[in-house]
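Trainee: The following file, protein.cif, comprises mmCIF, C-alpha atoms and all ligand atoms:
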data_my_file
#
loop_
_atom_site.label_atom_id
_atom_site.label_comp_id
_atom_site.auth_asym_id
_atom_site.auth_seq_id
_atom_site.Cartn_x
_atom_site.Cartn_y
_atom_site.Cartn_z
CA MET F 72 0.00 0.00 0.00
CA ALA F 73 1.19 3.51 -0.78
CA VAL F 74 -0.19 6.36 1.29
CA SER F 75 0.56 9.29 -0.92
CA ALA F 76 -2.10 11.20 0.98
CA PRO F 77 -4.69 12.37 0.10
CA VAL F 78 -5.37 8.94 -1.38
CA ILE F 79 -4.21 5.37 -0.87
CA THR F 80 -3.27 3.24 -3.85
CA VAL F 81 -2.25 -0.41 -3.95
CA PRO F 82 0.39 -1.01 -6.63
CA ALA F 83 0.06 -4.79 -6.28
CA PHE F 84 -3.60 -4.44 -7.19
CA GLY F 85 -3.30 -2.31 -10.26
CA SER F 86 -1.64 0.62 -11.97
CA ALA F 87 -1.84 2.55 -15.22
CA HIS F 88 0.42 -0.19 -16.59
CA ASP F 89 -2.49 -2.59 -16.09
CA GLY F 90 -4.82 -0.18 -17.85
CA VAL F 91 -6.54 0.99 -14.70
CA ARG F 92 -6.36 3.82 -12.21
CA HIS F 93 -7.71 3.45 -8.70
CA PHE F 94 -7.72 5.14 -5.33
CA PHE F 95 -9.06 4.74 -1.83
CA GLY F 96 -9.87 8.13 -0.38
CA THR F 97 -8.89 9.64 2.93
CA ARG F 98 -10.43 12.56 4.76
CA HIS F 99 -7.81 14.75 3.08
CA ARG F 100 -9.47 14.29 -0.23
CA THR F 101 -13.01 15.35 0.34
CA PRO F 102 -15.05 14.80 -2.79
CA VAL F 103 -15.57 18.09 -4.54
CA ALA F 104 -19.13 19.26 -4.20
CA TYR F 105 -21.25 17.15 -6.45
CA GLU F 106 -24.66 15.64 -6.51
CA THR F 107 -24.87 11.88 -6.40
CA GLY F 108 -26.16 10.48 -9.67
CA VAL F 109 -24.77 13.40 -11.65
CA PRO F 110 -21.57 12.55 -13.54
CA LEU F 111 -18.76 14.98 -12.77
CA LEU F 112 -16.48 15.99 -15.61
CA ASP F 113 -12.86 16.12 -14.56
CA SER F 114 -11.72 19.14 -16.50
CA VAL F 115 -8.15 18.97 -15.19
CA ALA F 116 -7.33 15.72 -16.89
CA ARG F 117 -5.91 15.84 -20.38
CA ASP F 118 -8.37 13.19 -21.40
CA ARG F 119 -12.03 13.73 -20.90
CA THR F 120 -12.86 11.70 -17.83
CA TRP F 121 -15.94 11.40 -15.67
CA THR F 122 -16.47 10.46 -12.07
CA LEU F 123 -19.77 8.82 -11.21
CA SER F 124 -21.07 8.24 -7.70
CA VAL F 125 -24.71 7.44 -7.01
CA LYS F 126 -27.10 7.23 -4.11
CA GLN F 127 -26.24 4.25 -1.88
CA VAL F 128 -29.00 2.33 -0.13
CA HIS F 129 -27.26 -0.64 1.58
CA GLY F 130 -28.80 -2.96 -1.01
CA THR F 131 -27.20 -5.35 -3.47
CA ASP F 132 -28.14 -3.86 -6.85
CA ALA F 133 -25.48 -2.76 -9.31
CA LEU F 134 -25.65 0.00 -11.90
CA ILE F 135 -24.07 -0.99 -15.21
CA VAL F 136 -22.66 1.85 -17.32
CA ASP F 137 -22.08 0.32 -20.75
CA ARG F 138 -22.22 3.36 -23.01
CA PRO F 139 -20.36 6.67 -23.01
CA ILE F 140 -21.48 9.17 -20.41
CA THR F 141 -22.86 12.47 -21.61
CA ARG F 142 -23.34 15.76 -19.86
CA ALA F 143 -27.10 15.22 -19.76
CA ASP F 144 -26.98 11.87 -17.98
CA ARG F 145 -28.63 11.54 -14.59
CA PHE F 146 -28.56 8.29 -12.65
CA GLU F 147 -31.53 8.55 -10.35
CA GLY F 148 -32.00 5.56 -8.11
CA GLY F 149 -30.04 3.70 -5.48
CA TRP F 150 -27.17 1.32 -6.16
CA ASP F 151 -24.34 0.05 -3.99
CA ALA F 152 -22.20 -1.24 -6.85
CA LEU F 153 -21.21 0.32 -10.16
CA ILE F 154 -19.75 -1.59 -13.11
CA THR F 155 -18.43 -0.16 -16.35
CA ASP F 156 -16.56 -1.17 -19.49
CA GLN F 157 -16.24 2.46 -20.57
CA PRO F 158 -12.71 3.94 -20.49
CA GLY F 159 -12.42 7.26 -18.73
CA VAL F 160 -15.33 6.67 -16.37
CA THR F 161 -14.35 6.47 -12.70
CA VAL F 162 -16.98 4.44 -10.88
CA ALA F 163 -16.86 5.54 -7.26
CA VAL F 164 -18.41 4.61 -3.92
CA ARG F 165 -18.46 6.64 -0.73
CA THR F 166 -17.63 5.03 2.60
CA ALA F 167 -17.11 5.87 6.26
CA ASP F 168 -16.51 2.47 7.99
CA CYS F 169 -18.17 0.32 5.31
CA VAL F 170 -15.84 -1.65 3.03
CA PRO F 171 -14.98 -0.19 -0.37
CA VAL F 172 -14.22 -2.98 -2.85
CA LEU F 173 -12.60 -2.34 -6.24
CA LEU F 174 -12.47 -4.93 -9.03
CA TYR F 175 -11.11 -5.19 -12.54
CA ASP F 176 -10.46 -7.61 -15.34
CA ARG F 177 -7.75 -6.39 -17.68
CA ARG F 178 -8.60 -8.99 -20.33
CA ARG F 179 -12.27 -8.17 -20.62
CA LYS F 180 -11.73 -4.52 -19.77
CA ALA F 181 -14.30 -4.08 -17.04
CA VAL F 182 -14.08 -2.41 -13.64
CA ALA F 183 -16.37 -2.18 -10.63
CA SER F 184 -16.61 -0.45 -7.28
CA VAL F 185 -18.73 -1.78 -4.43
CA HIS F 186 -19.95 -0.28 -1.15
CA ALA F 187 -20.24 -3.16 1.32
CA GLY F 188 -21.52 -2.53 4.82
CA TRP F 189 -22.48 -5.49 6.99
CA ARG F 190 -25.95 -5.58 5.49
CA GLY F 191 -24.77 -5.57 1.89
CA ALA F 192 -21.89 -7.94 2.60
CA LEU F 193 -24.15 -10.48 4.31
CA ALA F 194 -26.63 -10.18 1.44
CA GLY F 195 -23.78 -11.03 -0.93
CA ILE F 196 -23.31 -7.77 -2.81
CA VAL F 197 -19.71 -8.61 -3.75
CA PRO F 198 -20.36 -12.07 -5.26
CA LYS F 199 -23.52 -10.70 -6.91
CA THR F 200 -21.53 -7.91 -8.54
CA ILE F 201 -18.95 -10.42 -9.76
CA GLU F 202 -21.72 -12.63 -11.18
CA LEU F 203 -23.05 -9.60 -13.04
CA MET F 204 -19.59 -8.88 -14.48
CA VAL F 205 -19.47 -12.49 -15.65
CA ALA F 206 -22.94 -12.32 -17.21
CA ARG F 207 -22.60 -8.92 -18.90
CA PHE F 208 -18.92 -8.68 -19.80
CA ALA F 209 -17.86 -12.35 -20.03
CA VAL F 210 -15.45 -11.81 -17.16
CA GLN F 211 -13.79 -14.90 -15.70
CA PRO F 212 -13.52 -14.76 -11.91
CA SER F 213 -10.04 -16.30 -12.28
CA ASP F 214 -8.97 -13.17 -14.21
CA LEU F 215 -10.37 -10.70 -11.72
CA ARG F 216 -8.28 -8.63 -9.36
CA VAL F 217 -9.87 -7.28 -6.22
CA SER F 218 -8.77 -4.77 -3.63
CA ILE F 219 -10.54 -4.47 -0.31
CA GLY F 220 -10.09 -0.99 1.10
CA PRO F 221 -9.94 0.73 4.48
CA SER F 222 -12.95 0.09 6.71
CA ALA F 223 -13.93 -0.46 10.31
CA GLY F 224 -11.62 -3.21 11.55
CA PRO F 225 -12.07 -6.15 13.94
CA CYS F 226 -10.08 -4.12 16.49
CA CYS F 227 -13.01 -1.71 16.92
CA TYR F 228 -16.12 -2.75 15.03
CA GLU F 229 -18.47 -4.03 17.72
CA VAL F 230 -21.77 -5.42 16.51
CA ASP F 231 -24.78 -6.93 18.25
CA HIS F 232 -27.43 -9.55 17.53
CA ALA F 233 -28.83 -7.61 14.58
CA VAL F 234 -25.61 -8.46 12.74
CA LEU F 235 -24.54 -11.62 14.56
CA ASP F 236 -27.81 -13.52 14.08
CA PRO F 237 -27.81 -13.35 10.26
CA LEU F 238 -24.03 -13.91 10.22
CA ARG F 239 -24.35 -17.10 12.29
CA HIS F 240 -27.21 -18.32 10.11
CA SER F 241 -25.52 -17.69 6.78
CA ARG F 242 -21.85 -18.46 7.50
CA PRO F 243 -20.87 -21.74 9.18
CA ASP F 244 -17.37 -20.23 9.43
CA TRP F 245 -18.65 -17.25 11.42
CA PRO F 246 -16.38 -17.85 14.47
CA ALA F 247 -13.41 -17.00 12.24
CA LEU F 248 -15.03 -13.70 11.29
CA VAL F 249 -15.55 -12.30 14.79
CA ARG F 250 -13.38 -11.49 17.76
CA ASP F 251 -14.14 -11.31 21.46
CA ASP F 252 -17.45 -13.14 21.07
CA ARG F 253 -19.63 -12.49 24.13
CA GLY F 254 -22.80 -14.03 22.72
CA SER F 255 -24.91 -10.97 22.12
CA LYS F 256 -21.92 -8.82 21.14
CA ALA F 257 -18.69 -9.33 19.23
CA ARG F 258 -16.33 -7.44 16.99
CA LEU F 259 -16.80 -8.17 13.30
CA ASP F 260 -14.06 -8.57 10.70
CA LEU F 261 -16.01 -7.31 7.71
CA LYS F 262 -12.96 -7.26 5.43
CA ALA F 263 -12.32 -10.94 6.18
CA LEU F 264 -15.93 -11.77 5.24
CA VAL F 265 -15.58 -9.97 1.91
CA ARG F 266 -12.22 -11.60 1.31
CA ARG F 267 -13.67 -15.08 1.85
CA GLN F 268 -16.59 -14.32 -0.45
CA THR F 269 -14.30 -13.23 -3.30
CA SER F 270 -12.16 -16.29 -2.80
CA GLU F 271 -15.19 -18.61 -2.76
CA ILE F 272 -16.40 -17.28 -6.10
CA GLY F 273 -13.09 -18.15 -7.71
CA ILE F 274 -10.75 -15.18 -7.47
CA PRO F 275 -7.26 -16.58 -6.77
CA GLN F 276 -5.81 -15.62 -3.39
CA GLU F 277 -2.81 -13.89 -4.99
CA GLN F 278 -5.16 -11.57 -6.89
CA ILE F 279 -6.83 -10.30 -3.71
CA THR F 280 -5.28 -7.40 -1.82
CA VAL F 281 -6.50 -5.97 1.45
CA VAL F 282 -5.71 -2.55 2.90
CA ASN F 283 -5.64 -3.65 6.53
CA VAL F 284 -6.26 -0.25 8.04
CA CYS F 285 -9.14 0.57 10.37
CA THR F 286 -11.14 3.74 9.78
CA ILE F 287 -12.14 3.92 13.46
CA CYS F 288 -8.51 3.70 14.72
CA HIS F 289 -7.13 6.41 12.43
CA PRO F 290 -8.94 9.71 12.97
CA ALA F 291 -6.20 11.66 11.20
CA LEU F 292 -6.72 9.67 8.03
CA PHE F 293 -10.37 8.74 7.88
CA TYR F 294 -13.88 9.80 8.62
CA SER F 295 -15.68 7.22 10.72
CA TYR F 296 -19.40 7.11 11.26
CA ARG F 297 -18.92 4.87 14.28
CA ARG F 298 -16.26 7.05 15.94
CA GLU F 299 -17.84 10.39 15.11
CA GLY F 300 -21.41 9.27 15.77
CA ARG F 301 -22.73 10.92 12.65
CA VAL F 302 -21.79 11.40 9.03
CA LYS F 303 -19.22 14.19 9.14
CA GLY F 304 -17.89 13.22 5.75
CA THR F 305 -17.18 10.26 3.55
CA MET F 306 -14.22 8.92 1.64
CA LEU F 307 -14.49 8.56 -2.12
CA ASN F 308 -13.05 5.36 -3.58
CA GLY F 309 -12.90 4.78 -7.32
CA ILE F 310 -11.53 2.88 -10.27
CA SER F 311 -11.44 3.55 -14.01
CA LEU F 312 -10.15 2.04 -17.21
CA VAL F 313 -7.49 4.31 -18.65
CA SER F 314 -8.82 6.18 -21.69
CA ARG F 315 -7.60 5.09 -25.09
CA SER F 316 -5.33 7.73 -26.54
ZN ZN J 401 -9.67 -0.18 14.85
#
Would you put the structure from the file into structure tokens?
Mentor:
Amino acid sequence: MAVSAPVITVPAFGSAHDGVRHFFGTRHRTPVAYETGVPLLDSVARDRTWTLSVKQVHGTDALIVDRPITRADRFEGGWDALITDQPGVTVAVRTADCVPVLLYDRRRKAVASVHAGWRGALAGIVPKTIELMVARFAVQPSDLRVSIGPSAGPCCYEVDHAVLDPLRHSRPDWPALVRDDRGSKARLDLKALVRRQTSEIGIPQEQITVVNVCTICHPALFYSYRREGRVKGTMLNGISLVSRS
């Protein structure tokens, strides 16, 4: 991981050499004022590039952007995953403790970003997004690279029965995903859950990277809903295919 604040990048995950650009945000890169669902034209870049972030609803639906974005486009609705095969479109999710997950397939030229809180993760948003990439862009899970970004860590992320009950019902391996289990309360390792899900769907271990940093532990770096008790701000996390020249 490279912390060239204001963003974190993971060279082992991907670089311009791989045909992608990506970043995990910190609180030092507050998203410029924009409305969710309205593509933002990055006028600084030499190439014409767009950043798209939409309303997030803690569901499992993905928005697929499979044609060029225009100035008139509005994406009105709620999605917690965005997939595109369009170069120059940064698909971005906003997080503050939830797990940002970035994916790409350099062979099929498709990228995705996913916002996975406990609700979305338990409902399988990450495997569902991968299945959609397979169905729509003929992606092979064995070709996919995934990076799991900064989120609330098992050091701090205490959850109660509302999370533990569905976790215990859906994951026989749940004891490996919690720490300090006291029955009605435990600390959840959400990144480990997402990591297992990506592995189970066929992404090779060596193609999975994890930024093992906790958003609650690092107030200088991250906003945290849990630590701050309210949404003071969110981190923007995105990935794009590099534009053809
Ligand atoms: Zn922590």
Trainee: Which residue out of F:Leu259, F:Val162, F:Leu215, F:Cys226 has the minimum interatomic distance to ligand ZN 401 (chain J) when all atoms listed in the file are used?
Mentor: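 The closest residue to ligand ZN 401 (chain J) is F:Cys226.
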Trainee: Would you kindly return, as a list in words, each protein, DNA or RNA residue with an atom no farther than 12 Å from any atom of F:His289, considering all atoms listed in the file and excluding same-chain residues fewer than 4 positions away?
Mentor: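 Once the adjacent positions are removed, what remains is Thr97, Arg98, Ala167, Asp168, Pro221, Ser222, Ala223, Gly224, Cys226, Cys227, Asn283, Val284, Cys285, Phe293, Tyr294, Ser295, Arg298 and Glu299 of chain F.
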Trainee: For F:Leu248, find every residue with an atom within 9 Å (counting only C-alpha atoms), except residues of its own chain fewer than 3 positions away, and show them as a ChimeraX atom specification.
Mentor: /F:225,244-245,258-264
Trainee: So which one's closest to ligand ZN 401 (chain J), F:Ile287, F:Ala187, F:Ala143, F:Val78? Using all atoms listed in the file, please.
Mentor: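 The closest residue to ligand ZN 401 (chain J) is F:Ile287.
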Trainee: Could you make a table, as JSON lines, of the residues of stretch 182-279 of chain F that have an atom within 10 Å of an atom of stretch 148-161 of chain F, each with its nearest atom pair and distance in Å to one decimal, counting all atoms listed in the file, in chain and number order?
Mentor:
{"residue": "F:Val182", "atom": "CA", "partner": "F:Thr155", "partner_atom": "CA", "distance": 5.6}
{"residue": "F:Ala183", "atom": "CA", "partner": "F:Ile154", "partner_atom": "CA", "distance": 4.2}
{"residue": "F:Ser184", "atom": "CA", "partner": "F:Leu153", "partner_atom": "CA", "distance": 5.5}
{"residue": "F:Val185", "atom": "CA", "partner": "F:Ala152", "partner_atom": "CA", "distance": 4.3}
{"residue": "F:His186", "atom": "CA", "partner": "F:Asp151", "partner_atom": "CA", "distance": 5.2}
{"residue": "F:Ala187", "atom": "CA", "partner": "F:Asp151", "partner_atom": "CA", "distance": 7.4}
{"residue": "F:Gly188", "atom": "CA", "partner": "F:Asp151", "partner_atom": "CA", "distance": 9.6}
{"residue": "F:Gly191", "atom": "CA", "partner": "F:Asp151", "partner_atom": "CA", "distance": 8.1}
{"residue": "F:Ile196", "atom": "CA", "partner": "F:Ala152", "partner_atom": "CA", "distance": 7.8}
{"residue": "F:Val197", "atom": "CA", "partner": "F:Ala152", "partner_atom": "CA", "distance": 8.4}
{"residue": "F:Lys199", "atom": "CA", "partner": "F:Ala152", "partner_atom": "CA", "distance": 9.6}
{"residue": "F:Thr200", "atom": "CA", "partner": "F:Ala152", "partner_atom": "CA", "distance": 6.9}
{"residue": "F:Ile201", "atom": "CA", "partner": "F:Ile154", "partner_atom": "CA", "distance": 9.5}
{"residue": "F:Leu203", "atom": "CA", "partner": "F:Ile154", "partner_atom": "CA", "distance": 8.7}
{"residue": "F:Met204", "atom": "CA", "partner": "F:Ile154", "partner_atom": "CA", "distance": 7.4}
{"residue": "F:Arg207", "atom": "CA", "partner": "F:Ile154", "partner_atom": "CA", "distance": 9.8}
{"residue": "F:Phe208", "atom": "CA", "partner": "F:Asp156", "partner_atom": "CA", "distance": 7.9}
Trainee: Let me make sure I understand: among F:Val210, F:Val265, F:Val313, F:Val302, which one has the smallest atom-to-atom distance to F:Gly90 if we use only C-alpha atoms?
Mentor: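 Using only C-alpha atoms, the shortest distance to F:Gly90 belongs to F:Val313.
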Trainee: Return the single residue from F:Asp214, F:Glu147, F:Glu229, F:Glu277 that is closest to F:Val249, with distances computed using only C-alpha atoms.
Mentor: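 Of F:Asp214, F:Glu147, F:Glu229, F:Glu277, the one nearest F:Val249, counting only C-alpha atoms, is F:Glu229.
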